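J.: For reference, the structure I am asking about is given below.
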Amino acid sequence: MTIDIEFKPDFVSWRTEARRLLLAETPPEDISWVPAGEEQGRLLFGAGASADGHGQVGASTEIAKAGPATRVPRAFMEAAELAAVHREPRRWQVLYRILWRLSHGEPHLLDIEVDDDVLLLRRMAKAVGRDIHKMHAFVRFRKVMGTNPDAPEDPVYVAWHCPDHAIFRLAVPFFVRRFRSMTFSILTPDGSAFWDKKRLEYGPGVPEGMAPRLDDDLEALWCSYYGAIFNPARIKIKAMKREMPVRHWRTLPETALIGELLAGSDARVAQMMKDQPKSASAFVPKQAAELAELKIAAAVCAGCSLCHTATNAVFGKGPANARIVIVGEQPGDQEDLLAEPFVGPAGKVLNEALAAAGIRRDDVYVTNAVKHFKHKKVGLQRLHQKPEAREVAACRPWLAAELQLIKPEIVVCLGATAALSVLGRMIRLADERGRWLSSSWSKRTLVTNHPAAILRMMDKDQQAAAMAQFVAELGMVTGVGHQR
Ligand code: SF4
């Protein structure tokens, strides 16, 4: 006789039930998993909830922590968490069967790649991972004004997306990390999310027909950029359909242009050969009223060739009314992957130095002279390469647009590349660091070392002295440091 286990079809509820059943020694063949409120893998209703922007389904080690007889490999919990949002109706049964086998004499089951259960688990986890990646790539926000009752002047960005699997909660935290300074809603048939720059609220799903018709300023902007960057010399229709599946085209405004762009591709190839973009200026919105708009536009900049090898354009981050803007050289490996400035090792050094100088990182706007990561691949590593002067010049319109909007009192250049972009001339760091200079953006412009240069120093004493000098020069900003 089988027992019906009715449960809320999410990973945390399944894990709770699975743990209970495992402790009661209930074999998989005695159980029928009955997900409540689910039809063909799609939730018929969705409950609201909230999080701080890092909302994740539960920690994957909890089964292991929960009871003495329930230790399972972390790799299983990670794959199970992904498989749980696949629309395969057998997933709960398969997950419990694997869990049972792992804890009943087959601890190395996951190593048997030809095992039917393991195979299905892997396939589901992979498909879900791909679907999350597609959602990150294909969500397109549209701007709507006046919908936020607490801040009617504040635009809200809204996106509708229809994922293949119920990946919504796994995919949303990425958007919070990436667009933390924007107010936005993401609507999907499985659930909706609202981020107000502080808090993430989850709500019920929205069928496509109910998705609001929106003001299309941003959409038109995006289409014009897509048209500008569309490269007919590199068209591979099959690869394009694989990377941008046709089922997502209806929510991507730029796809309406594809037919037209393909039709004129020969002429465009010839034209592109003639006028390769040499600067970001063609991509910078002429009358951008806010940094978020610039950030979205920079994401598709092709003002120089660096966009072809980097993962993300890394735009500046910080308050729009910051008193201090700190300009670095370019994003590093981690910044490129996370699309945020100064979050890697150099960012840690900068944070330490700022704290020591009495400056709160949250109070400053941090950006780079060049927005895409220049690197060369050596094996699996991506090694930093210094941007050339022409790349700094090509990217300068973005920095100019950021500084134009922020109008800071003080600009701090970290290293000679940042100084080149801000001051418009080459400098010798040793000659000009640590004293107030004047630039088009501020009469109080300061040049100091780049934290990555301090990190690269091999001699510990030399490194400590360089750090002390860096802190002292940053301290000039608060008036507590020295001035040469
Ligand atoms: S580095 Fe700057 S100019 Fe070059 S593509 Fe990236 S954003 Fe555009």
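As shown in the structure tokens, the chain order sets the letters A, B, ...; within each chain, residues go from 1, and ligands are also counted from 1 in the order they appear.
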Could you pull out the helix (DSSP H, G or I) residues of stretch 176-211 of chain A, going by DSSP on the backbone, and write them as a PyMOL selection string?
T.: chain A and resi 176-178+208-210
J.: Those same residues - N, CA and C atoms - I'd like them written as an mmCIF file, in the first residue's frame.
T.:
data_model
loop_
_atom_site.group_PDB
_atom_site.id
_atom_site.type_symbol
_atom_site.label_atom_id
_atom_site.label_comp_id
_atom_site.auth_asym_id
_atom_site.auth_seq_id
_atom_site.Cartn_x
_atom_site.Cartn_y
_atom_site.Cartn_z
ATOM 1 N N VAL A 176 18.560 41.406 -8.295
ATOM 2 C CA VAL A 176 18.706 42.308 -7.147
ATOM 3 C C VAL A 176 20.168 42.730 -7.021
ATOM 4 N N ARG A 177 21.081 41.739 -7.169
ATOM 5 C CA ARG A 177 22.510 42.088 -7.072
ATOM 6 C C ARG A 177 22.891 43.040 -8.196
ATOM 7 N N ARG A 178 22.340 42.794 -9.369
ATOM 8 C CA ARG A 178 22.770 43.564 -10.535
ATOM 9 C C ARG A 178 22.108 44.936 -10.623
ATOM 10 N N GLU A 208 0.601 35.795 -19.084
ATOM 11 C CA GLU A 208 1.106 36.773 -20.046
ATOM 12 C C GLU A 208 0.042 37.792 -20.419
ATOM 13 N N GLY A 209 -1.202 37.330 -20.585
ATOM 14 C CA GLY A 209 -2.265 38.231 -20.998
ATOM 15 C C GLY A 209 -2.517 39.345 -20.000
ATOM 16 N N MET A 210 -2.140 39.097 -18.721
ATOM 17 C CA MET A 210 -2.372 40.111 -17.690
ATOM 18 C C MET A 210 -1.169 41.033 -17.488
#
J.: Counting only C-alpha atoms and all ligand atoms, what residues are within 6 Å of ligand 1, given as a list in words?
T.: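 Sorted by chain and then by number, the residues are Ser279, Ala280, Ala298, Cys301, Ala302, Gly303, Cys304, Ser305, Leu306, Cys307, Ala313, Val370, Lys371, His372, Ala394 and Cys395 of chain A.
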J.: Nearest to A:Val412: which of A:Leu383, A:Leu291, A:Leu109, A:Leu437 is it, counting only C-alpha atoms?
T.: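 Among A:Leu383, A:Leu291, A:Leu109, A:Leu437, it is A:Leu437 that comes nearest to A:Val412.
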J.: Residues at most 10 Å from A:Arg425, counting only C-alpha atoms, excluding those fewer than 5 positions away in the same chain, as a PyMOL selection string?
T.: chain A and resi 389+416-417+419-420
J.: Which residues are close to stretch 100-103 of chain A, i.e. within 8 Å by only C-alpha atoms, leaving aside same-chain residues fewer than 2 positions away? Reply as a PyMOL selection string.
T.: chain A and resi 22+27-28+69-72+96-98+105-109
J.: Pull N, CA and C atoms from the residues just selected and write them as an mmCIF file, in the first residue's frame.
T.:
data_model
loop_
_atom_site.group_PDB
_atom_site.id
_atom_site.type_symbol
_atom_site.label_atom_id
_atom_site.label_comp_id
_atom_site.auth_asym_id
_atom_site.auth_seq_id
_atom_site.Cartn_x
_atom_site.Cartn_y
_atom_site.Cartn_z
ATOM 1 N N LEU A 22 12.565 9.480 5.723
ATOM 2 C CA LEU A 22 13.824 8.749 5.814
ATOM 3 C C LEU A 22 14.060 8.271 7.245
ATOM 4 N N PRO A 27 10.419 3.264 2.577
ATOM 5 C CA PRO A 27 11.094 3.098 1.281
ATOM 6 C C PRO A 27 10.365 3.855 0.168
ATOM 7 N N PRO A 28 11.082 4.235 -0.895
ATOM 8 C CA PRO A 28 10.505 5.058 -1.966
ATOM 9 C C PRO A 28 9.286 4.429 -2.617
ATOM 10 N N ALA A 69 21.415 9.964 10.848
ATOM 11 C CA ALA A 69 21.438 8.953 9.790
ATOM 12 C C ALA A 69 21.153 9.543 8.419
ATOM 13 N N THR A 70 21.198 10.850 8.282
ATOM 14 C CA THR A 70 20.754 11.444 7.028
ATOM 15 C C THR A 70 21.834 12.264 6.332
ATOM 16 N N ARG A 71 23.081 11.860 6.473
ATOM 17 C CA ARG A 71 24.152 12.599 5.795
ATOM 18 C C ARG A 71 24.166 12.224 4.321
ATOM 19 N N VAL A 72 24.151 13.247 3.474
ATOM 20 C CA VAL A 72 24.203 13.005 2.025
ATOM 21 C C VAL A 72 25.219 13.970 1.423
ATOM 22 N N TYR A 96 13.728 11.455 -4.007
ATOM 23 C CA TYR A 96 13.653 10.673 -2.775
ATOM 24 C C TYR A 96 14.328 9.312 -2.968
ATOM 25 N N ARG A 97 14.168 8.739 -4.165
ATOM 26 C CA ARG A 97 14.788 7.429 -4.412
ATOM 27 C C ARG A 97 16.318 7.555 -4.312
ATOM 28 N N ILE A 98 16.863 8.638 -4.881
ATOM 29 C CA ILE A 98 18.324 8.816 -4.801
ATOM 30 C C ILE A 98 18.746 9.023 -3.342
ATOM 31 N N GLY A 105 23.282 2.171 1.685
ATOM 32 C CA GLY A 105 24.311 1.280 1.126
ATOM 33 C C GLY A 105 24.866 1.694 -0.224
ATOM 34 N N GLU A 106 24.446 2.839 -0.787
ATOM 35 C CA GLU A 106 25.032 3.270 -2.064
ATOM 36 C C GLU A 106 25.591 4.697 -1.926
ATOM 37 N N PRO A 107 26.552 4.904 -1.012
ATOM 38 C CA PRO A 107 27.023 6.288 -0.770
ATOM 39 C C PRO A 107 27.683 6.920 -1.992
ATOM 40 N N HIS A 108 28.180 6.080 -2.927
ATOM 41 C CA HIS A 108 28.855 6.642 -4.111
ATOM 42 C C HIS A 108 27.965 6.616 -5.351
ATOM 43 N N LEU A 109 26.667 6.551 -5.130
ATOM 44 C CA LEU A 109 25.724 6.448 -6.257
ATOM 45 C C LEU A 109 25.938 7.543 -7.309
#
J.: Smallest atom-to-atom distance to A:Glu329: which of A:Val422, A:Asp459, A:Lys317, A:Pro345, using only C-alpha atoms?
T.: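 The closest residue to A:Glu329 is A:Val422.
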J.: Can you list, as a compact mmCIF listing (two decimals) with N, CA and C atoms, in the first residue's frame, every protein, DNA or RNA residue that comes within 7 Å of A:Val392 when you count only C-alpha atoms, leaving out same-chain residues fewer than 5 positions away?
T.:
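Wrote result.txt, looks like this:
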# COMPACT_ATOMS: atom_id res chain seq x y z
N ALA A 369 37.38 53.62 -15.27
CA ALA A 369 37.59 54.38 -16.51
C ALA A 369 37.12 53.57 -17.72
N VAL A 370 37.31 52.26 -17.65
CA VAL A 370 36.92 51.36 -18.75
C VAL A 370 35.92 50.36 -18.19
N PRO A 387 44.32 48.43 -20.15
CA PRO A 387 43.69 48.98 -21.35
C PRO A 387 44.58 50.01 -22.03
N SER A 421 41.81 59.22 -17.84
CA SER A 421 40.42 59.44 -18.24
C SER A 421 39.86 60.71 -17.60
J.: Let me make sure I understand: among A:Ser281, A:His384, A:Gln334, A:Met77, which one has the smallest atom-to-atom distance to A:Leu294 if we use only C-alpha atoms?
T.: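 Of the candidates, the smallest distance to A:Leu294 is held by A:Ser281.
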J.: Atom CA of A:Asp363 and atom CA of A:Asn321 are how many Å apart?
T.: 9.0 Å
J.: Set the distance at 12 Å and use only C-alpha atoms: which residues neighbour A:Trp33 once local chain neighbours fewer than 3 positions away are removed? I'd like the list as a list in words.
T.: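 Returned residues: Thr2, Ile3, Asp4, Ile5, Glu6, Phe7, Lys8, Pro9, Ser13, Trp14, Glu17, Ala18, Leu21, Pro28, Glu29, Asp30, Ala36, Glu38, Pro89, Arg90, Arg91, Trp92, Gln93, Val94, Leu95, Tyr96 and Arg97 of chain A.
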J.: Atoms to include: C-alpha atoms. Write the selected residues as a PDB file, in the first residue's frame.
T.:
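Result file again_2.pdb:
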ATOM      1  CA  THR A   2       1.409   3.429  -0.936  1.00  0.00           C
ATOM      2  CA  ILE A   3       1.093   6.510   1.257  1.00  0.00           C
ATOM      3  CA  ASP A   4       0.093   9.807  -0.395  1.00  0.00           C
ATOM      4  CA  ILE A   5       2.453  12.561   0.746  1.00  0.00           C
ATOM      5  CA  GLU A   6       0.763  15.869   0.042  1.00  0.00           C
ATOM      6  CA  PHE A   7       3.221  18.730   0.230  1.00  0.00           C
ATOM      7  CA  LYS A   8       3.883  22.234  -1.084  1.00  0.00           C
ATOM      8  CA  PRO A   9       5.905  21.613  -4.246  1.00  0.00           C
ATOM      9  CA  SER A  13       8.874  21.352   1.863  1.00  0.00           C
ATOM     10  CA  TRP A  14      10.076  18.282  -0.001  1.00  0.00           C
ATOM     11  CA  GLU A  17       8.989  15.522   4.243  1.00  0.00           C
ATOM     12  CA  ALA A  18      11.899  13.507   2.850  1.00  0.00           C
ATOM     13  CA  LEU A  21      10.161   9.704   5.806  1.00  0.00           C
ATOM     14  CA  PRO A  28      10.505   5.058  -1.966  1.00  0.00           C
ATOM     15  CA  GLU A  29       8.177   2.448  -3.431  1.00  0.00           C
ATOM     16  CA  ASP A  30       5.741   3.005  -0.516  1.00  0.00           C
ATOM     17  CA  ALA A  36      -0.416  20.506  -3.781  1.00  0.00           C
ATOM     18  CA  GLU A  38       0.518  22.125  -9.126  1.00  0.00           C
ATOM     19  CA  PRO A  89       6.473  15.329 -12.759  1.00  0.00           C
ATOM     20  CA  ARG A  90       8.629  12.381 -11.579  1.00  0.00           C
ATOM     21  CA  ARG A  91      11.239  14.621  -9.964  1.00  0.00           C
ATOM     22  CA  TRP A  92      10.080  14.259  -6.325  1.00  0.00           C
ATOM     23  CA  GLN A  93       9.993  10.491  -6.594  1.00  0.00           C
ATOM     24  CA  VAL A  94      13.427  10.373  -8.235  1.00  0.00           C
ATOM     25  CA  LEU A  95      14.953  12.731  -5.669  1.00  0.00           C
ATOM     26  CA  TYR A  96      13.653  10.673  -2.775  1.00  0.00           C
ATOM     27  CA  ARG A  97      14.788   7.429  -4.412  1.00  0.00           C
TER      28      ARG A  97
END
J.: Any idea what the distance is between atom CA of A:Ala310 and atom CA of A:Phe168?
T.: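 Interatomic distance here is 26.2 Å.
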J.: Find, counting only C-alpha atoms, the residue in A:Leu170, A:Asp461, A:Asp333, A:Ile326 that gets nearest to A:Ala418.
T.: A:Ile326
J.: Between atom CA of A:Thr478 and atom CA of A:Phe179, measure the distance and give it in Å to one decimal.
T.: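 Calculated distance between atom CA of A:Thr478 and atom CA of A:Phe179 is 29.2 Å.
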